[in-house]
There are 2 protein chains.
Amino acid sequence: MPTLADVAALAGVSKATASRALGRPDLAAPETVARVRAAAEQLGFVPNRAATQLARGRTGVVAVVVPTLDNTFFTPIIGGAQARAADSGMQLTIAVHSLEHAAQLAAVEQLAHQVDGFLLTAPRGSDEIVRAAASFKPTVLIDREVEGMTSAVADTATAFGALVTWFVEKGHERIVYIGGPAGSWQDRQRQAAIRAAAESSGATLTMLGPYPSTFAAGVETTEAVVAARATAVVPYATSIGLGLMFALLSRGIRDVVVSSERVIVESLGLSDVPSIDVDGEKLGEVAMDQLMTLLGERREQPPTSRRLTVPIS
Amino acid sequence: MPTLADVAALAGVSKATASRALGRPDLAAPETVARVRAAAEQLGFVPNRAATQLARGRTGVVAVVVPTLDNTFFTPIIGGAQARAADSGMQLTIAVHSLEHAAQLAAVEQLAHQVDGFLLTAPRGSDEIVRAAASFKPTVLIDREVEGMTSAVADTATAFGALVTWFVEKGHERIVYIGGPAGSWQDRQRQAAIRAAAESSGATLTMLGPYPSTFAAGVETTEAVVAARATAVVPYATSIGLGLMFALLSRGIRDVVVSSERVIVESLGLSDVPSIDVDGEKLGEVAMDQLMTLLGERREQPPTSRRLTVPIS
DNA sequence: ACCGGTTGTGGAACCGGTTGCATGAGCCTG
DNA sequence: CAGGCTCATGCAACCGGTTCCACAACCGGT
């Protein structure tokens with residue numbers, strides 16, 4: 001395994017110069033840069049990460065904290081973040097913690113010593129616990145907003161409101177919203193948007209929940225949906241919607257429309273079913289970009305929240 | 001941020017002794033160990049990972065290579081591996097690469113410099129490419145076997161054979177197997193097991209495919225399944241099965257049984273539908289355990305393959 | 001010809017641990 | 001009581017980069 005010293009020797013320069021030629025080419029003579037690069041190339045030199053980290057006081061690792069890997073909402077986010085991280089030569093490490101309980105703060109704190117920053121998804125914890133988790137290292141909050149924190153969110157609330165409006169325009173009068181997990185920040189936003197949309201359009205709205213974001217939960221809601229005599233349903237999560245659609249179909253009920261995600265609607269070839277299209281990868285990318293900015297800046301900047309528009313169709 | 005030197009100073013010993021007291025207590029006097037530990041505790045000392053890595057020549061990071069994060073087959077594996085890694089104080093980093101093309105070898109090689117070992121899922125690449133990817137660092141192959149490599153696999157082939165037998169016992173005569181992605185190792189195993197089971201029980205078997213492991217692909221198979229006039233279907237992947245079940249139901253077809261995963265069958269409350277139960281987390285844990293063994297051993301051991309039994313119900 | 005200023009380079013300290021080797025105290029044995 | 005051991009400890013080198021600082025060469029301006 002060739003080291004920088006080997007490269008320097010081959011190029012006929014000192015370690016210091018070799019380091020500069022590779023890392024800060026503007027600080028070295030162009031001719032030297034070329035020679036050092038050639039030497040590095042020839043030897044197949046790859047900088048030792050640990051050494052770089054130690055010298056620079058940075059780890060080059062970013063942790064993404066997610067409550068679970070079972071939910072397909074989070075995985076694209078991770079993918080997007082991973083791609084962006086790789087572009088910048090950083091590593092992404094995954095931590096699975098719901099942050100619902102204070103005990104998990106300890107795990108985050110432990111991790112804090114090993115990373116440069118956090119991408120934090122915390123759908124359910126209190127604002128306080130989120131702030132505490134973010135206090136260790138630069139942190140970007142994903143799909144949630146907390147006063148004073150940098151965040152990247154998909155504006156699903158607006159999209160959910162639009163779904164209700166869409167339903168009403170198509171003539172639906174009784175609409176059910178199936179709420180997400182208790183304490184979910186997004187759920188609160190969506191409820192508010194949906195209530196507003198229903199009110200302004202005069203539809204009858206039934207709020208169910210809370211339910212976990214699982215297929216099984218969707219199946220469970222069937223009774224309540226039927227009881228509400230609704231013709232349109234807006235479920236909090238895709239998995240809930242799928243479970244419900246499934247259960248309705250197996251009972252032979254076909255006159256209830258359940259909104260879903262675009263990919264689902266498209267692959268099923270359904271018509272007259274509205275859908276949202278959350279770009280999870282984009283969300284992950286945006287969040288990682290924000291974190292990079294945070295890490296790159298020497299002085300504190302005011303926190304910013306980026307909202308991604310979620311199209312419906 | 002307290003360093004080892006701080007701890008040593010507080011405990012009144014040298015850095016060397018402090019290091020030994022914390023890392024190899026058997027090499028220090030019990031009384032000293034206690035004093036150093038107390039000092040570390042008091043200061044909230046957390047060893048600098050980069051420094052440890054540099055000194056030891058190890059990174060403390062394991063990479064898990066998966067083709068995608070969209071498939072719920074892989075995420076529990078990652079979760080299991082992550083948990084085990086954390087237990088041993090190691091970090092897990094995720095790399096998304098299908099390894100279908102040689103170009104991706106470069107990405108793996110790049111990563112190889114930054115990790116101690118690999119957990120490799122490579123459902124589709126050739127044996128050669130898998131061997132090449134494994135040549136950089138100690139590697140455990142997941143859910144696939146390649147001659148000469150350590151691996152952890154879920155024995156789904158046997159389970160799939162049992163599904164066919166189950167169907168035949170229940171009186172089904174025409175059975176369809178929906179094949180997975182082209183080149184899939186597991187698909188080959190399952191096909192063989194299913195053919196054998198069908199032959200020995202005298203069922204009529206129709207093999208479809210290849211299909212990708214997606215919900216949409218399941219929907220697509222509907223025509224072919226109907227055309228085969230099958231009463232029982234065994235899909236390669238849960239997502240394919242769900243898509244198919246969905247499409248069948250929306251056409252009002254209820255006399256075709258599609259095997260699935262236990263959690264799906266249970267949450268739908270279906271009866272007379274056979275299911276398999278792959279414990280992905282366990283698979284990840286086992287694989288990580290094997291990798292730890294690999295990393296811990298001074299000399300080469302003969303590679304071992306661990307097969308996890310997959311129950312059906 | 002002299003001087004302030006830029007530019008490129010090398011020496012050496014440093015990041016924070018780990019570990020080989022030497023030292024000395026204490027104990028056992030002959 | 002001396003020689004030999006074990007055990008605990010400290011010193012210092014080392015891992016492989018980065019970066020501060022000093023120095024030399026060279027620039028154009030006066």
# chains A, B, ... in the order shown; residues from 1 in each chain; ligands from 1
$ residues_around --residues "Thr238 (chain B)" --least-positions-apart "5" --cutoff "10 Å" --atoms "only C-alpha atoms (C1' of nucleotides)" --output "PyMOL selection string"
chain B and resi 71-73+213-215+218+243-244+258-261+264+275-276
$ write_last_selection --atoms "N, CA and C atoms" --output "mmCIF file, in the first residue's frame"
data_model
loop_
_atom_site.group_PDB
_atom_site.id
_atom_site.type_symbol
_atom_site.label_atom_id
_atom_site.label_comp_id
_atom_site.auth_asym_id
_atom_site.auth_seq_id
_atom_site.Cartn_x
_atom_site.Cartn_y
_atom_site.Cartn_z
ATOM 1 N N ASN B 71 -35.843 -2.567 -2.407
ATOM 2 C CA ASN B 71 -36.373 -3.895 -2.212
ATOM 3 C C ASN B 71 -36.372 -4.243 -0.723
ATOM 4 N N THR B 72 -37.521 -4.572 -0.195
ATOM 5 C CA THR B 72 -37.622 -4.838 1.246
ATOM 6 C C THR B 72 -36.915 -6.123 1.653
ATOM 7 N N PHE B 73 -36.379 -6.817 0.689
ATOM 8 C CA PHE B 73 -35.594 -7.988 1.058
ATOM 9 C C PHE B 73 -34.273 -7.574 1.709
ATOM 10 N N SER B 213 -38.012 -7.645 -9.553
ATOM 11 C CA SER B 213 -38.738 -7.807 -8.286
ATOM 12 C C SER B 213 -39.496 -6.545 -7.929
ATOM 13 N N THR B 214 -40.512 -6.243 -8.694
ATOM 14 C CA THR B 214 -41.283 -5.031 -8.417
ATOM 15 C C THR B 214 -42.775 -5.321 -8.433
ATOM 16 N N PHE B 215 -43.476 -4.451 -7.781
ATOM 17 C CA PHE B 215 -44.929 -4.494 -7.762
ATOM 18 C C PHE B 215 -45.475 -4.440 -9.193
ATOM 19 N N GLY B 218 -45.325 -7.591 -11.092
ATOM 20 C CA GLY B 218 -46.371 -8.520 -10.670
ATOM 21 C C GLY B 218 -47.669 -8.249 -11.410
ATOM 22 N N GLY B 243 -48.241 -7.398 -6.405
ATOM 23 C CA GLY B 243 -48.733 -6.786 -7.633
ATOM 24 C C GLY B 243 -49.729 -7.699 -8.325
ATOM 25 N N LEU B 244 -49.382 -8.957 -8.376
ATOM 26 C CA LEU B 244 -50.263 -9.922 -9.033
ATOM 27 C C LEU B 244 -51.583 -10.073 -8.283
ATOM 28 N N VAL B 258 -51.998 -17.074 -4.433
ATOM 29 C CA VAL B 258 -50.617 -16.636 -4.646
ATOM 30 C C VAL B 258 -49.857 -16.757 -3.335
ATOM 31 N N SER B 259 -48.817 -17.531 -3.340
ATOM 32 C CA SER B 259 -48.029 -17.663 -2.111
ATOM 33 C C SER B 259 -47.336 -16.340 -1.814
ATOM 34 N N SER B 260 -47.023 -16.138 -0.550
ATOM 35 C CA SER B 260 -46.449 -14.850 -0.173
ATOM 36 C C SER B 260 -45.547 -14.984 1.042
ATOM 37 N N GLU B 261 -45.402 -13.877 1.733
ATOM 38 C CA GLU B 261 -44.614 -13.881 2.953
ATOM 39 C C GLU B 261 -45.550 -13.938 4.145
ATOM 40 N N ILE B 264 -47.365 -10.754 5.304
ATOM 41 C CA ILE B 264 -48.407 -10.301 4.389
ATOM 42 C C ILE B 264 -49.674 -11.119 4.605
ATOM 43 N N SER B 275 -47.159 -19.472 2.903
ATOM 44 C CA SER B 275 -46.207 -18.371 2.936
ATOM 45 C C SER B 275 -44.857 -18.836 3.442
ATOM 46 N N ILE B 276 -43.855 -18.081 3.076
ATOM 47 C CA ILE B 276 -42.526 -18.339 3.611
ATOM 48 C C ILE B 276 -42.206 -17.233 4.600
#
$ residues_around --residues "DG10 (chain C)" --least-positions-apart "3" --cutoff "12 Å" --atoms "only C-alpha atoms (C1' of nucleotides)" --output "PyMOL selection string"
(chain A and resi 8+12-18) or (chain D and resi 21-24)
$ interface_residues --of "chain D" --to "chain A" --cutoff "6 Å" --atoms "only C-alpha atoms (C1' of nucleotides)" --output "PyMOL selection string"
chain D and resi 16-18
$ atom_distance --atom1 "CA of Val65 (chain B)" --atom2 "CA of Phe118 (chain B)"
7.2 Å
$ residues_around --residues "DG28 (chain D)" --least-positions-apart "4" --cutoff "12 Å" --atoms "only C-alpha atoms (C1' of nucleotides)" --output "list in words"
DC3, DG4, DG5 and DT6 of chain C
$ atom_distance --atom1 "CA of Tyr177 (chain B)" --atom2 "CA of Asp70 (chain B)"
22.8 Å
$ interface_residues --of "chain C" --to "chain A" --cutoff "8 Å" --atoms "only C-alpha atoms (C1' of nucleotides)" --output "JSON, numbers by chain"
{"C": [8, 9, 10, 14, 15, 16]}
$ write_last_selection --atoms "C-alpha atoms (C1' of nucleotides)" --output "PDB file, in the first residue's frame"
ATOM      1  C1'  DG C   8       7.376  27.357  -4.379  1.00  0.00           C
ATOM      2  C1'  DT C   9       9.458  24.240  -1.371  1.00  0.00           C
ATOM      3  C1'  DG C  10      11.179  21.628   2.651  1.00  0.00           C
ATOM      4  C1'  DC C  14       1.205  17.744  15.124  1.00  0.00           C
ATOM      5  C1'  DC C  15      -3.359  14.994  15.209  1.00  0.00           C
ATOM      6  C1'  DG C  16      -4.421  10.906  19.208  1.00  0.00           C
TER       7       DG C  16
END
$ residues_around --residues "Ala102 (chain A)" --least-positions-apart "5" --cutoff "10 Å" --atoms "only C-alpha atoms (C1' of nucleotides)" --output "list in words"
Ala107, Gly125, Ser126, Glu128, Ile129, Val130, Ala132 and Ala133 of chain A
$ write_last_selection --atoms "C-alpha atoms" --output "PDB file, in the first residue's frame"
ATOM      1  CA  ALA A 107     -26.762   6.306  21.088  1.00  0.00           C
ATOM      2  CA  GLY A 125     -40.043  12.784  18.884  1.00  0.00           C
ATOM      3  CA  SER A 126     -40.642  16.058  20.636  1.00  0.00           C
ATOM      4  CA  GLU A 128     -36.810  19.153  22.524  1.00  0.00           C
ATOM      5  CA  ILE A 129     -35.373  15.736  21.843  1.00  0.00           C
ATOM      6  CA  VAL A 130     -34.707  16.702  18.257  1.00  0.00           C
ATOM      7  CA  ALA A 132     -30.882  17.791  21.838  1.00  0.00           C
ATOM      8  CA  ALA A 133     -29.870  15.284  19.179  1.00  0.00           C
TER       9      ALA A 133
END
$ select_by_dssp --residues "region 29-219 of chain A" --states "helix (DSSP H, G or I)" --output "ChimeraX atom specification"
/A:30-43,49-56,74-87,103-112,127-134,156-169,185-201,215-219
$ interface_residues --of "chain A" --to "chain B" --cutoff "9 Å" --atoms "only C-alpha atoms" --output "ChimeraX atom specification"
/A:46-54,57-59,68-72,75-76,78-79,82-83,91-96,110,113-114,215-217,219-220,243,245-247,249-250,252,254,263-264,266-269
$ select_by_dssp --residues "region 28-105 of chain A" --states "strand (DSSP E or B)" --output "PyMOL selection string"
chain A and resi 61-66+91-96
$ write_last_selection --atoms "C-alpha atoms" --output "PDB file, in the first residue's frame"
ATOM      1  CA  VAL A  61     -18.388  10.438   7.807  1.00  0.00           C
ATOM      2  CA  VAL A  62     -21.966  11.581   7.985  1.00  0.00           C
ATOM      3  CA  ALA A  63     -24.595   9.625   9.874  1.00  0.00           C
ATOM      4  CA  VAL A  64     -28.158   9.389   8.714  1.00  0.00           C
ATOM      5  CA  VAL A  65     -30.562   8.593  11.509  1.00  0.00           C
ATOM      6  CA  VAL A  66     -33.764   6.853  10.521  1.00  0.00           C
ATOM      7  CA  GLN A  91     -19.023   8.109   3.778  1.00  0.00           C
ATOM      8  CA  LEU A  92     -22.523   7.627   4.989  1.00  0.00           C
ATOM      9  CA  THR A  93     -23.256   5.509   7.993  1.00  0.00           C
ATOM     10  CA  ILE A  94     -26.721   4.460   9.001  1.00  0.00           C
ATOM     11  CA  ALA A  95     -28.150   4.568  12.463  1.00  0.00           C
ATOM     12  CA  VAL A  96     -31.560   3.146  13.164  1.00  0.00           C
TER      13      VAL A  96
END
$ residues_around --residues "DT6 (chain D)" --least-positions-apart "5" --cutoff "12 Å" --atoms "only C-alpha atoms (C1' of nucleotides)" --output "PyMOL selection string"
chain C and resi 25-28
$ residues_around --residues "Ala193 (chain B)" --least-positions-apart "6" --cutoff "9 Å" --atoms "only C-alpha atoms (C1' of nucleotides)" --output "PyMOL selection string"
chain B and resi 157-162
$ residues_around --residues "Ser200 (chain B)" --least-positions-apart "5" --cutoff "10 Å" --atoms "only C-alpha atoms (C1' of nucleotides)" --output "JSON, numbers by chain"
{"B": [165, 194, 195]}
$ write_last_selection --atoms "N, CA and C atoms" --output "short mmCIF file (atom, residue, chain, number, x, y, z; two decimals), in the first residue's frame"
data_model
loop_
_atom_site.label_atom_id
_atom_site.label_comp_id
_atom_site.auth_asym_id
_atom_site.auth_seq_id
_atom_site.Cartn_x
_atom_site.Cartn_y
_atom_site.Cartn_z
N THR B 165 -45.20 -28.35 -3.13
CA THR B 165 -45.74 -29.57 -2.56
C THR B 165 -47.03 -29.27 -1.79
N ILE B 194 -38.21 -26.14 -7.43
CA ILE B 194 -39.62 -26.17 -7.81
C ILE B 194 -39.88 -27.22 -8.88
N ARG B 195 -38.99 -27.30 -9.84
CA ARG B 195 -39.13 -28.32 -10.88
C ARG B 195 -39.14 -29.71 -10.26
#
